[in-house]
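A quick write-up on the structure given underneath.
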Amino acid sequence: TYTLARTAANKYFKNKRILVLSHSNQAVDVLLAEITSFVKRADRFHEGDILRYGSHTGEGLLMHGDILPGKLLETHDEQLIKDRDSIAEEKKLLKRDLSMSFSVRDSEQLLDLEKKLGRILEKIRQKEIQLLKNALIIGTTLAKAAMDPSIYEQEYDLVMIDEASMAFIPQIAFAGSLAKRCIICGDFKQLPPIAVSR
């Protein structure tokens with residue numbers, strides 16, 4: 001983690017785009033927290049340049065909220081997030097009312113709320129895609145990178161794959177095709193990919 005973080009940071013200092021991947025959210029969180037800490041200590045951090053995309057679990061990222069899309073949107077587009085939360089809460093309450101007694105008016109209102117929420121979520125999604133386009137270091141899981149066009153349709157100078165022993169070989173091959181260069185790192189004596197089989 002120490003070495004990968006410094007490698008990523010030094011590429012970032014040269015204005016290169018880096019995609020940081022791992023099998024697990026936790027491994028991505030740990031590596032991005034280390035990269036962010038190193039860049040901040042070097043006093044070269046710029047908001048929006050480093051982005052943790054997808055689900056995050058690590059408590060180490062709590063002190064680095066400035067790399068999370070949700071936190072960035074809360075800071076820069078507070079009203080959009082408030083609207084989303086307000087409509088989601090209203091929808092939850094209306095669903096609870098509908099579960100107690102059905103009414104056509106309430107069900108129509110629920111449909112209307114779902115349409116509004118859908119429009120707001122699409123706006124948030126577009127803003128997240130813009131954040132991804134502007135970021136120089138993006139961290140996410142191998143699965144997310146393979147499924148999300150906003151990740152795999154971009155170009156990178158370097159792909160870094162951590163905890164490689166847990167990844168499936170096709171995932172690594174696909175991830176490696178996303179950049180000019182690829183670093184694959186992991187302890188071959190650690191756990192292999194988890195597969196359910198007889």
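Naming works like this for the structure tokens: A, B, ... for the chains as they're shown, residue 1 at the start of each chain, ligands 1 onward in shown order.
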- Message: When you look at Leu158 in chain A with a cut-off of 8 Å (counting only C-alpha atoms), what residues show up, excluding the ones that are within fewer than 2 positions of it in the same chain? I need them as number ranges by chain.
- Response: A: 16-19, 156, 160, 179-183
- Message: At a cut-off of 8 Å, using only C-alpha atoms, what residues contact Leu178 in chain A? Leave out same-chain residues fewer than 3 positions from it and give the result as a ChimeraX atom specification.
- Response: /A:152,154-156,159,174-175
- Item | Residue set, range 50-82 of chain A restricted to helix (DSSP H, G or I), as an NGL selection string | :A and (59-67 or 69-76 or 78-82)
Go ahead and write the residues just picked, C-alpha atoms, as a compact mmCIF listing (two decimals), in the first residue's frame.
# COMPACT_ATOMS: atom_id res chain seq x y z
CA GLU A 59 -13.33 4.61 8.14
CA GLY A 60 -10.03 6.00 6.85
CA LEU A 61 -12.03 7.85 4.21
CA LEU A 62 -14.08 9.70 6.84
CA MET A 63 -11.23 12.18 7.20
CA HIS A 64 -11.01 12.46 3.41
CA GLY A 65 -14.60 13.38 2.56
CA ASP A 66 -13.20 15.67 -0.11
CA ILE A 67 -12.59 12.65 -2.38
CA PRO A 69 -18.58 12.35 -4.91
CA GLY A 70 -21.48 12.60 -2.44
CA LYS A 71 -19.56 14.95 -0.15
CA LEU A 72 -18.32 17.04 -3.08
CA LEU A 73 -21.87 17.42 -4.36
CA GLU A 74 -23.08 18.35 -0.86
CA THR A 75 -20.48 21.11 -0.82
CA HIS A 76 -20.97 22.43 -4.35
CA GLU A 78 -26.25 21.55 -1.66
CA GLN A 79 -29.78 22.26 -2.90
CA LEU A 80 -29.81 19.28 -5.25
CA ILE A 81 -28.85 16.94 -2.39
CA LYS A 82 -31.44 18.53 -0.08
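Relative to CA of Asp77 in chain A, CA of Thr140 in chain A is found at 23.1 Å.
Between Leu142 in chain A and the residues A:Ala9, A:Leu93, A:Leu21, A:Leu113, the shortest atom-to-atom distance, using only C-alpha atoms, involves A:Leu21.
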- Task: Between A:Ile169, A:Glu163, A:Glu108, A:Asp49, single out the one closest to Lys133 in chain A, counting only C-alpha atoms.
- Result: A:Asp49
- When DSSP works through the backbone of this structure, what residues of chain A end up as strand (DSSP E or B), shown as an MDAnalysis selection string? chainID A and resid 18:22 50:52 137:141 156:162 179:184
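The spacing separating CA of Asp162 in chain A from CA of Ile184 in chain A amounts to 6.3 Å.
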- Message: Here is a test: counting only C-alpha atoms, which residue of A:Lys91, A:Tyr2, A:Ala164, A:Cys185 is nearest to Lys115 in chain A?
- Response: A:Lys91
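Of the residues listed (A:Ala135, A:Ala145, A:Ile50, A:Ile129), A:Ala145 shows the shortest atom-to-atom separation from Ser177 in chain A; distances use only C-alpha atoms.
The environment of Met166 in chain A within 8 Å, counting only C-alpha atoms and disregarding residues fewer than 6 places along the same chain, consists of His23, Gln190, Leu191, Pro192, Pro193 and Ile194 of chain A.
Interatomic distance, CA of Ala8 in chain A to CA of Asp187 in chain A: 19.1 Å.
Minimum atom-to-atom distance to Ser22 in chain A, evaluated using only C-alpha atoms, belongs to A:Ala167 out of A:Ala167, A:Leu51, A:Leu121, A:Ala173.
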